[in-house]
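Trainee: Below is the structure I would like to discuss, written out as structure tokens.
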Amino acid sequence: MIAKTYIDGRWGQVHVRLAGKPTAPPLLMLHPTPKSGWIYERLMKDLAPGRTAFAPDTPGYGASDPPPAPPSIEDHADAMFGVVDRIAANGLIADNMVDILGYHTGSSIAVAMANLRPRQVRRLILVSVAAYEPAVRTEKRAALAHWPMPVEDGSHLQRMWALMRSLSDARVDTSWLHESLTENLRCGSRAPWGYDAVYRHDLQSALDVLAHDTLILNPQDDLWDLTRANAPRVRGARYIEMPGLSHGMFDLETKKISELIEDFLQR
């Protein structure tokens, strides 16, 4: 069973999903842009017998209150530590030392958290890393100025659906795509803020100085080649490629992924 609660955060209330026993080791799960903790619900249920899994909606996404302006990855890292500390103080997790799983934008935030407060993070699981070269980050950030806006005939929804279909695992059904599209829409005009934070963040340098036990999972999604190229930056990381898997994999390959997580965290 997944419980849902709100925690007072840096920019207002943060919506959090929780599963598992408060006495079990806590795993913080950070989602990609522009989704929410929704993407982890099935995986959380699978992990819950052995640990507490909790997935906040990044501020500005899902059901969490937004910041007043586009935040940086470091801002998000600080805000997520505030959530961890408050949840621990409320007795919802056993300790404020956490393992962290991040996916796309969540991976960038997870690395920033580990480098910001290294003693409060035990291990990291990074699923796809957006470690772009500086020139590429500059180009991608400039392109956000042309982010598609809603139009009267609703054709922007069709374009979003087509993009999601092209990026998602071929096995996901229309029900999953519909729920995923709904999550995309909840952030409104703030949709590109997460991408802006990623493109401003020097993840390559952050990976170079990372000093935590790290598992890097590389599904065959839109960061497949980038993740493969940058995984060696993390000293001693365990690296696993997952060919054929893409967005939607946490619902399609729940057992396989939960076993990889547990095997790594229990070492």
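Following the order of the structure tokens, chains are lettered A, B, ..., residues in each are numbered from 1, and ligands are numbered from 1.
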Within 9 Å of range 20-30 of chain A, counting only C-alpha atoms, which residues show up once you throw out same-chain ones fewer than 3 positions away? Write them as a tab-separated table (two decimals) with N, CA and C atoms, in the first residue's frame, please.
Mentor:
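The resulting file, around.tsv, is shown below:
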chain	number	residue	atom	x	y	z
A	1	MET	N	0.83	-1.20	0.00
A	1	MET	CA	0.00	0.00	0.00
A	1	MET	C	0.87	1.25	0.00
A	2	ILE	N	0.48	2.24	-0.77
A	2	ILE	CA	1.20	3.51	-0.82
A	2	ILE	C	0.40	4.57	-0.07
A	36	SER	N	6.17	12.88	-12.05
A	36	SER	CA	6.01	12.98	-10.60
A	36	SER	C	6.38	11.62	-10.01
A	37	GLY	N	6.21	11.49	-8.70
A	37	GLY	CA	6.47	10.20	-8.06
A	37	GLY	C	5.56	9.10	-8.56
A	40	TYR	N	6.91	5.75	-10.00
A	40	TYR	CA	7.53	4.73	-9.14
A	40	TYR	C	6.53	3.89	-8.36
A	44	MET	N	7.66	0.91	-5.99
A	44	MET	CA	7.64	1.13	-4.54
A	44	MET	C	6.95	-0.02	-3.82
A	45	LYS	N	5.85	-0.47	-4.38
A	45	LYS	CA	5.12	-1.59	-3.77
A	45	LYS	C	5.98	-2.84	-3.74
A	47	LEU	N	9.27	-2.94	-3.62
A	47	LEU	CA	10.38	-2.74	-2.69
A	47	LEU	C	9.93	-2.70	-1.24
A	48	ALA	N	8.67	-2.37	-1.00
A	48	ALA	CA	8.18	-2.07	0.34
A	48	ALA	C	8.40	-3.16	1.39
A	49	PRO	N	8.34	-4.44	1.07
A	49	PRO	CA	8.56	-5.42	2.13
A	49	PRO	C	9.94	-5.32	2.79
A	50	GLY	N	10.93	-4.81	2.06
A	50	GLY	CA	12.27	-4.79	2.61
A	50	GLY	C	12.78	-3.44	3.05
A	51	ARG	N	12.09	-2.36	2.69
A	51	ARG	CA	12.58	-1.02	3.03
A	51	ARG	C	11.47	0.01	2.89
A	52	THR	N	11.73	1.21	3.38
A	52	THR	CA	10.83	2.32	3.14
A	52	THR	C	11.24	2.99	1.83
A	53	ALA	N	10.33	3.09	0.90
A	53	ALA	CA	10.57	3.82	-0.34
A	53	ALA	C	9.69	5.07	-0.31
A	54	PHE	N	10.29	6.22	-0.60
A	54	PHE	CA	9.47	7.43	-0.62
A	54	PHE	C	9.87	8.30	-1.81
A	55	ALA	N	8.83	8.81	-2.48
A	55	ALA	CA	9.00	9.52	-3.74
A	55	ALA	C	8.30	10.87	-3.69
A	56	PRO	N	9.05	11.95	-3.45
A	56	PRO	CA	8.44	13.28	-3.49
A	56	PRO	C	8.18	13.71	-4.94
A	57	ASP	N	7.17	14.52	-5.12
A	57	ASP	CA	7.01	15.24	-6.38
A	57	ASP	C	7.93	16.45	-6.32
A	58	THR	N	8.85	16.55	-7.26
A	58	THR	CA	9.75	17.70	-7.31
A	58	THR	C	8.94	18.99	-7.28
A	84	VAL	N	13.67	15.26	3.28
A	84	VAL	CA	14.20	14.09	4.01
A	84	VAL	C	14.26	14.39	5.51
A	91	GLY	N	8.99	10.87	11.92
A	91	GLY	CA	8.97	9.44	12.18
A	91	GLY	C	8.48	8.59	11.03
A	92	LEU	N	8.43	9.15	9.82
A	92	LEU	CA	7.93	8.40	8.67
A	92	LEU	C	9.02	7.55	8.02
A	93	ILE	N	10.28	7.88	8.30
A	93	ILE	CA	11.41	7.03	7.91
A	93	ILE	C	12.31	6.85	9.11
A	94	ALA	N	13.13	5.80	9.08
A	94	ALA	CA	13.91	5.43	10.26
A	94	ALA	C	15.07	6.38	10.53
A	95	ASP	N	15.59	7.01	9.50
A	95	ASP	CA	16.81	7.80	9.64
A	95	ASP	C	16.86	8.81	8.52
A	96	ASN	N	17.59	9.93	8.73
A	96	ASN	CA	17.72	10.88	7.63
A	96	ASN	C	18.94	10.59	6.77
A	97	MET	N	19.65	9.49	7.03
A	97	MET	CA	20.63	8.99	6.07
A	97	MET	C	19.89	8.12	5.07
A	98	VAL	N	20.08	8.40	3.80
A	98	VAL	CA	19.27	7.74	2.78
A	98	VAL	C	20.12	7.16	1.66
A	99	ASP	N	19.58	6.15	1.00
A	99	ASP	CA	20.00	5.76	-0.33
A	99	ASP	C	19.11	6.55	-1.29
A	100	ILE	N	19.62	6.84	-2.48
A	100	ILE	CA	18.85	7.64	-3.44
A	100	ILE	C	18.85	6.97	-4.80
A	101	LEU	N	17.66	6.88	-5.39
A	101	LEU	CA	17.50	6.47	-6.78
A	101	LEU	C	17.03	7.69	-7.56
A	102	GLY	N	17.74	8.01	-8.64
A	102	GLY	CA	17.35	9.12	-9.50
A	102	GLY	C	17.23	8.67	-10.94
A	103	TYR	N	16.34	9.30	-11.66
A	103	TYR	CA	16.05	8.92	-13.06
A	103	TYR	C	16.00	10.20	-13.89
A	104	HIS	N	16.89	10.32	-14.89
A	104	HIS	CA	16.98	11.52	-15.72
A	104	HIS	C	17.23	12.75	-14.83
A	105	THR	N	16.32	13.73	-14.77
A	105	THR	CA	16.52	14.88	-13.90
A	105	THR	C	16.79	14.43	-12.47
A	106	GLY	N	16.10	13.39	-12.04
A	106	GLY	CA	16.31	12.86	-10.69
A	106	GLY	C	17.73	12.39	-10.46
A	107	SER	N	18.40	11.88	-11.50
A	107	SER	CA	19.80	11.48	-11.36
A	107	SER	C	20.68	12.69	-11.09
A	109	ILE	N	19.78	15.49	-9.65
A	109	ILE	CA	19.52	15.94	-8.27
A	109	ILE	C	20.18	14.99	-7.27
A	110	ALA	N	20.12	13.68	-7.54
A	110	ALA	CA	20.73	12.70	-6.64
A	110	ALA	C	22.23	12.92	-6.50
Trainee: Near Met160 in chain A, within 9 Å and counting only C-alpha atoms, which residues show up once chain neighbours fewer than 5 positions away are dropped, as a PyMOL selection string?
Mentor: chain A and resi 155+165+181+184
Trainee: May I have all residues of range 14-164 of chain A that DSSP, computed from the backbone, assigns to helix (DSSP H, G or I), given as an mmCIF file with N, CA and C atoms, in the first residue's frame?
Mentor:
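Output below, filename out-v2.cif:
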data_model
loop_
_atom_site.group_PDB
_atom_site.id
_atom_site.type_symbol
_atom_site.label_atom_id
_atom_site.label_comp_id
_atom_site.auth_asym_id
_atom_site.auth_seq_id
_atom_site.Cartn_x
_atom_site.Cartn_y
_atom_site.Cartn_z
ATOM 1 N N GLY A 37 6.214 11.490 -8.703
ATOM 2 C CA GLY A 37 6.471 10.203 -8.064
ATOM 3 C C GLY A 37 5.561 9.098 -8.561
ATOM 4 N N TRP A 38 4.564 9.461 -9.342
ATOM 5 C CA TRP A 38 3.655 8.464 -9.947
ATOM 6 C C TRP A 38 4.417 7.365 -10.663
ATOM 7 N N ILE A 39 5.513 7.695 -11.332
ATOM 8 C CA ILE A 39 6.219 6.705 -12.146
ATOM 9 C C ILE A 39 6.775 5.549 -11.307
ATOM 10 N N TYR A 40 6.910 5.748 -9.997
ATOM 11 C CA TYR A 40 7.526 4.734 -9.143
ATOM 12 C C TYR A 40 6.528 3.891 -8.357
ATOM 13 N N GLU A 41 5.233 4.126 -8.518
ATOM 14 C CA GLU A 41 4.267 3.492 -7.618
ATOM 15 C C GLU A 41 4.369 1.972 -7.609
ATOM 16 N N ARG A 42 4.409 1.351 -8.771
ATOM 17 C CA ARG A 42 4.480 -0.112 -8.809
ATOM 18 C C ARG A 42 5.812 -0.610 -8.241
ATOM 19 N N LEU A 43 6.896 0.082 -8.553
ATOM 20 C CA LEU A 43 8.212 -0.306 -8.037
ATOM 21 C C LEU A 43 8.271 -0.143 -6.521
ATOM 22 N N MET A 44 7.662 0.912 -5.989
ATOM 23 C CA MET A 44 7.642 1.133 -4.542
ATOM 24 C C MET A 44 6.953 -0.024 -3.825
ATOM 25 N N LYS A 45 5.845 -0.474 -4.385
ATOM 26 C CA LYS A 45 5.119 -1.588 -3.772
ATOM 27 C C LYS A 45 5.979 -2.845 -3.744
ATOM 28 N N ASP A 46 6.774 -3.052 -4.787
ATOM 29 C CA ASP A 46 7.618 -4.231 -4.851
ATOM 30 C C ASP A 46 8.779 -4.147 -3.861
ATOM 31 N N LEU A 47 9.265 -2.938 -3.617
ATOM 32 C CA LEU A 47 10.380 -2.744 -2.691
ATOM 33 C C LEU A 47 9.930 -2.698 -1.237
ATOM 34 N N ILE A 73 19.633 22.800 -10.135
ATOM 35 C CA ILE A 73 19.736 21.445 -9.595
ATOM 36 C C ILE A 73 20.185 21.504 -8.138
ATOM 37 N N GLU A 74 21.100 22.398 -7.816
ATOM 38 C CA GLU A 74 21.555 22.535 -6.428
ATOM 39 C C GLU A 74 20.419 23.003 -5.519
ATOM 40 N N ASP A 75 19.549 23.888 -6.028
ATOM 41 C CA ASP A 75 18.371 24.307 -5.255
ATOM 42 C C ASP A 75 17.477 23.110 -4.966
ATOM 43 N N HIS A 76 17.260 22.283 -5.983
ATOM 44 C CA HIS A 76 16.434 21.088 -5.794
ATOM 45 C C HIS A 76 17.064 20.135 -4.784
ATOM 46 N N ALA A 77 18.393 19.989 -4.835
ATOM 47 C CA ALA A 77 19.075 19.113 -3.889
ATOM 48 C C ALA A 77 18.864 19.599 -2.457
ATOM 49 N N ASP A 78 19.008 20.888 -2.245
ATOM 50 C CA ASP A 78 18.786 21.455 -0.913
ATOM 51 C C ASP A 78 17.341 21.259 -0.472
ATOM 52 N N ALA A 79 16.398 21.474 -1.402
ATOM 53 C CA ALA A 79 14.975 21.308 -1.076
ATOM 54 C C ALA A 79 14.656 19.861 -0.727
ATOM 55 N N MET A 80 15.248 18.908 -1.433
ATOM 56 C CA MET A 80 14.996 17.497 -1.151
ATOM 57 C C MET A 80 15.593 17.077 0.199
ATOM 58 N N PHE A 81 16.725 17.647 0.576
ATOM 59 C CA PHE A 81 17.246 17.371 1.918
ATOM 60 C C PHE A 81 16.289 17.901 2.981
ATOM 61 N N GLY A 82 15.654 19.040 2.704
ATOM 62 C CA GLY A 82 14.660 19.550 3.639
ATOM 63 C C GLY A 82 13.506 18.578 3.809
ATOM 64 N N VAL A 83 13.076 17.953 2.702
ATOM 65 C CA VAL A 83 12.011 16.957 2.764
ATOM 66 C C VAL A 83 12.463 15.739 3.560
ATOM 67 N N VAL A 84 13.673 15.256 3.276
ATOM 68 C CA VAL A 84 14.202 14.094 4.006
ATOM 69 C C VAL A 84 14.257 14.386 5.508
ATOM 70 N N ASP A 85 14.784 15.529 5.875
ATOM 71 C CA ASP A 85 14.919 15.873 7.296
ATOM 72 C C ASP A 85 13.556 15.964 7.975
ATOM 73 N N ARG A 86 12.578 16.556 7.287
ATOM 74 C CA ARG A 86 11.253 16.724 7.880
ATOM 75 C C ARG A 86 10.540 15.366 8.004
ATOM 76 N N ILE A 87 10.668 14.525 6.996
ATOM 77 C CA ILE A 87 10.046 13.205 7.056
ATOM 78 C C ILE A 87 10.657 12.376 8.180
ATOM 79 N N ALA A 88 11.979 12.455 8.347
ATOM 80 C CA ALA A 88 12.642 11.724 9.424
ATOM 81 C C ALA A 88 12.188 12.248 10.781
ATOM 82 N N ALA A 89 12.080 13.573 10.910
ATOM 83 C CA ALA A 89 11.642 14.167 12.172
ATOM 84 C C ALA A 89 10.216 13.758 12.518
ATOM 85 N N THR A 105 16.317 13.726 -14.769
ATOM 86 C CA THR A 105 16.516 14.883 -13.897
ATOM 87 C C THR A 105 16.786 14.433 -12.469
ATOM 88 N N GLY A 106 16.098 13.390 -12.037
ATOM 89 C CA GLY A 106 16.307 12.858 -10.690
ATOM 90 C C GLY A 106 17.729 12.392 -10.461
ATOM 91 N N SER A 107 18.398 11.882 -11.500
ATOM 92 C CA SER A 107 19.795 11.479 -11.362
ATOM 93 C C SER A 107 20.681 12.690 -11.089
ATOM 94 N N SER A 108 20.424 13.791 -11.784
ATOM 95 C CA SER A 108 21.202 15.012 -11.558
ATOM 96 C C SER A 108 21.022 15.513 -10.128
ATOM 97 N N ILE A 109 19.782 15.492 -9.646
ATOM 98 C CA ILE A 109 19.519 15.935 -8.274
ATOM 99 C C ILE A 109 20.180 14.994 -7.272
ATOM 100 N N ALA A 110 20.123 13.680 -7.540
ATOM 101 C CA ALA A 110 20.729 12.702 -6.637
ATOM 102 C C ALA A 110 22.228 12.923 -6.500
ATOM 103 N N VAL A 111 22.919 13.158 -7.608
ATOM 104 C CA VAL A 111 24.361 13.401 -7.562
ATOM 105 C C VAL A 111 24.659 14.689 -6.799
ATOM 106 N N ALA A 112 23.863 15.723 -7.051
ATOM 107 C CA ALA A 112 24.062 16.986 -6.336
ATOM 108 C C ALA A 112 23.859 16.806 -4.835
ATOM 109 N N MET A 113 22.866 16.002 -4.441
ATOM 110 C CA MET A 113 22.639 15.742 -3.018
ATOM 111 C C MET A 113 23.835 15.032 -2.397
ATOM 112 N N ALA A 114 24.369 14.028 -3.106
ATOM 113 C CA ALA A 114 25.500 13.269 -2.577
ATOM 114 C C ALA A 114 26.728 14.154 -2.405
ATOM 115 N N ASN A 115 26.930 15.082 -3.329
ATOM 116 C CA ASN A 115 28.079 15.976 -3.221
ATOM 117 C C ASN A 115 27.855 17.099 -2.219
ATOM 118 N N LEU A 116 26.587 17.472 -2.002
ATOM 119 C CA LEU A 116 26.273 18.550 -1.061
ATOM 120 C C LEU A 116 26.399 18.097 0.382
ATOM 121 N N PRO A 118 27.597 14.676 1.721
ATOM 122 C CA PRO A 118 28.043 13.299 1.468
ATOM 123 C C PRO A 118 27.790 12.328 2.617
ATOM 124 N N ARG A 119 27.779 12.807 3.849
ATOM 125 C CA ARG A 119 27.589 11.899 4.982
ATOM 126 C C ARG A 119 26.127 11.518 5.193
ATOM 127 N N GLN A 120 25.216 12.211 4.519
ATOM 128 C CA GLN A 120 23.799 11.904 4.684
ATOM 129 C C GLN A 120 23.296 10.962 3.588
ATOM 130 N N PRO A 134 29.473 20.990 -22.180
ATOM 131 C CA PRO A 134 29.036 22.382 -21.973
ATOM 132 C C PRO A 134 28.380 23.020 -23.200
ATOM 133 N N ALA A 135 28.951 22.822 -24.382
ATOM 134 C CA ALA A 135 28.389 23.447 -25.584
ATOM 135 C C ALA A 135 26.998 22.910 -25.890
ATOM 136 N N VAL A 136 26.780 21.628 -25.646
ATOM 137 C CA VAL A 136 25.469 21.023 -25.887
ATOM 138 C C VAL A 136 24.457 21.559 -24.877
ATOM 139 N N ARG A 137 24.888 21.703 -23.636
ATOM 140 C CA ARG A 137 23.982 22.249 -22.618
ATOM 141 C C ARG A 137 23.549 23.667 -22.991
ATOM 142 N N THR A 138 24.472 24.465 -23.465
ATOM 143 C CA THR A 138 24.153 25.836 -23.869
ATOM 144 C C THR A 138 23.150 25.840 -25.018
ATOM 145 N N GLU A 139 23.369 24.976 -25.990
ATOM 146 C CA GLU A 139 22.468 24.887 -27.148
ATOM 147 C C GLU A 139 21.079 24.435 -26.737
ATOM 148 N N LYS A 140 21.010 23.410 -25.887
ATOM 149 C CA LYS A 140 19.718 22.881 -25.466
ATOM 150 C C LYS A 140 18.971 23.895 -24.607
ATOM 151 N N ARG A 141 19.704 24.628 -23.774
ATOM 152 C CA ARG A 141 19.031 25.620 -22.931
ATOM 153 C C ARG A 141 18.451 26.746 -23.797
ATOM 154 N N ALA A 142 19.191 27.165 -24.807
ATOM 155 C CA ALA A 142 18.688 28.215 -25.698
ATOM 156 C C ALA A 142 17.422 27.755 -26.424
ATOM 157 N N ALA A 143 17.359 26.470 -26.750
ATOM 158 C CA ALA A 143 16.199 25.945 -27.472
ATOM 159 C C ALA A 143 14.932 25.962 -26.631
ATOM 160 N N LEU A 144 15.071 26.017 -25.312
ATOM 161 C CA LEU A 144 13.886 26.048 -24.444
ATOM 162 C C LEU A 144 13.057 27.309 -24.651
ATOM 163 N N ALA A 145 13.664 28.347 -25.214
ATOM 164 C CA ALA A 145 12.908 29.571 -25.504
ATOM 165 C C ALA A 145 11.796 29.309 -26.510
ATOM 166 N N HIS A 146 11.911 28.218 -27.252
ATOM 167 C CA HIS A 146 10.903 27.876 -28.255
ATOM 168 C C HIS A 146 10.027 26.708 -27.799
ATOM 169 N N SER A 155 -4.083 20.836 -30.561
ATOM 170 C CA SER A 155 -3.171 19.987 -31.326
ATOM 171 C C SER A 155 -1.842 19.769 -30.604
ATOM 172 N N HIS A 156 -1.527 20.651 -29.635
ATOM 173 C CA HIS A 156 -0.293 20.453 -28.858
ATOM 174 C C HIS A 156 -0.364 19.156 -28.051
ATOM 175 N N LEU A 157 -1.576 18.738 -27.693
ATOM 176 C CA LEU A 157 -1.734 17.484 -26.959
ATOM 177 C C LEU A 157 -1.414 16.285 -27.846
ATOM 178 N N GLN A 158 -1.819 16.354 -29.098
ATOM 179 C CA GLN A 158 -1.492 15.294 -30.041
ATOM 180 C C GLN A 158 0.015 15.193 -30.255
ATOM 181 N N ARG A 159 0.673 16.356 -30.341
ATOM 182 C CA ARG A 159 2.128 16.356 -30.524
ATOM 183 C C ARG A 159 2.826 15.775 -29.304
ATOM 184 N N MET A 160 2.324 16.108 -28.112
ATOM 185 C CA MET A 160 2.914 15.569 -26.893
ATOM 186 C C MET A 160 2.717 14.064 -26.822
ATOM 187 N N TRP A 161 1.537 13.602 -27.192
ATOM 188 C CA TRP A 161 1.247 12.162 -27.197
ATOM 189 C C TRP A 161 2.193 11.428 -28.155
ATOM 190 N N ALA A 162 2.375 11.994 -29.346
ATOM 191 C CA ALA A 162 3.243 11.360 -30.340
ATOM 192 C C ALA A 162 4.688 11.305 -29.852
ATOM 193 N N LEU A 163 5.133 12.370 -29.194
ATOM 194 C CA LEU A 163 6.497 12.380 -28.662
ATOM 195 C C LEU A 163 6.661 11.337 -27.571
ATOM 196 N N MET A 164 5.683 11.262 -26.657
ATOM 197 C CA MET A 164 5.743 10.263 -25.593
ATOM 198 C C MET A 164 5.749 8.854 -26.164
#
Trainee: Given only C-alpha atoms as the basis, pick out the residue of A:Arg233, A:Pro150, A:Arg267, A:Trp11 nearest to Ala206 in chain A.
Mentor: A:Arg233
Trainee: Any idea what the distance is between CA of Glu179 in chain A and CA of Gly62 in chain A?
Mentor: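 We find that CA of Glu179 in chain A and CA of Gly62 in chain A lie 12.0 Å from each other.
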Trainee: Tell me which protein, DNA and RNA residues are within 8 Å of Pro34 in chain A, counting only C-alpha atoms, leaving out same-chain ones fewer than 5 positions away, and put them as a PyMOL selection string.
Mentor: chain A and resi 61+183-184+187+191-192+194
Trainee: From the options A:Gly154, A:Pro219, A:Gly244, A:Pro232, which residue's atoms come nearest to Ala170 in chain A, counting only C-alpha atoms?
Mentor: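 Closest candidate: A:Gly244.
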Trainee: Could you tell me how far CA of Val234 in chain A lies from CA of Leu207 in chain A, in Å and to one decimal?
Mentor: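 Straight-line distance from CA of Val234 in chain A to CA of Leu207 in chain A works out to 5.6 Å.
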Trainee: Looking only at the backbone, which of the residues in range 167-265 of chain A does DSSP tag as strand (DSSP E or B), as a PyMOL selection string?
Mentor: chain A and resi 168+213-219+238-242+247
Trainee: In terms of the shortest atom-to-atom distance over only C-alpha atoms, which of A:Pro148, A:Gly188, A:Pro243, A:Pro71 is closest to Arg228 in chain A?
Mentor: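 Of A:Pro148, A:Gly188, A:Pro243, A:Pro71, the one nearest Arg228 in chain A, counting only C-alpha atoms, is A:Pro243.
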Trainee: Using CA of Ala3 in chain A and CA of Leu260 in chain A as the two end points, give the distance in Å to one decimal.
Mentor: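 Between CA of Ala3 in chain A and CA of Leu260 in chain A the gap is 24.2 Å.
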Trainee: Between A:Ala63, A:Met149, A:Val172, A:Ile125, which is the closest to Ser246 in chain A once you count only C-alpha atoms?
Mentor: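 Checking each candidate against Ser246 in chain A, we get A:Val172 as the closest.
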Trainee: For Ala69 in chain A, work out the shell of residues within 10 Å, counting only C-alpha atoms and skipping chain neighbours fewer than 6 positions away, then give it as a tab-separated table (two decimals) with C-alpha atoms, in the first residue's frame.
Mentor:
chain	number	residue	atom	x	y	z
A	60	GLY	CA	6.58	22.59	-9.36
A	190	ARG	CA	6.61	25.20	-15.67
A	193	TRP	CA	11.97	24.38	-15.69
Trainee: Compare A:Tyr195, A:Arg235, A:His247, A:Ile257 by their minimum atom-to-atom distance to Trp176 in chain A, counting only C-alpha atoms, and give me the closest one.
Mentor: A:His247
Trainee: Sorted by chain and rising residue number, list the residues of range 109-198 of chain A at most 7 Å from range 210-217 of chain A (counting only C-alpha atoms), each with its closest atom pair and distance in Å to one decimal, as CSV.
Mentor:
residue,atom,partner,partner_atom,distance
A:Asn115,CA,A:Leu210,CA,6.5
A:Arg122,CA,A:His212,CA,7.0
A:Arg123,CA,A:Asp213,CA,5.1
A:Leu124,CA,A:Thr214,CA,4.7
A:Ile125,CA,A:Leu215,CA,4.7
A:Leu126,CA,A:Ile216,CA,4.8
A:Val127,CA,A:Leu217,CA,4.8
A:Ser128,CA,A:Leu217,CA,6.5
Trainee: Let me make sure I understand: among A:Arg171, A:Val151, A:Ser64, A:Pro32, which one has the smallest atom-to-atom distance to Lys4 in chain A if we use only C-alpha atoms?
Mentor: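 Once distances to Lys4 in chain A are computed over only C-alpha atoms, the minimum belongs to A:Ser64.
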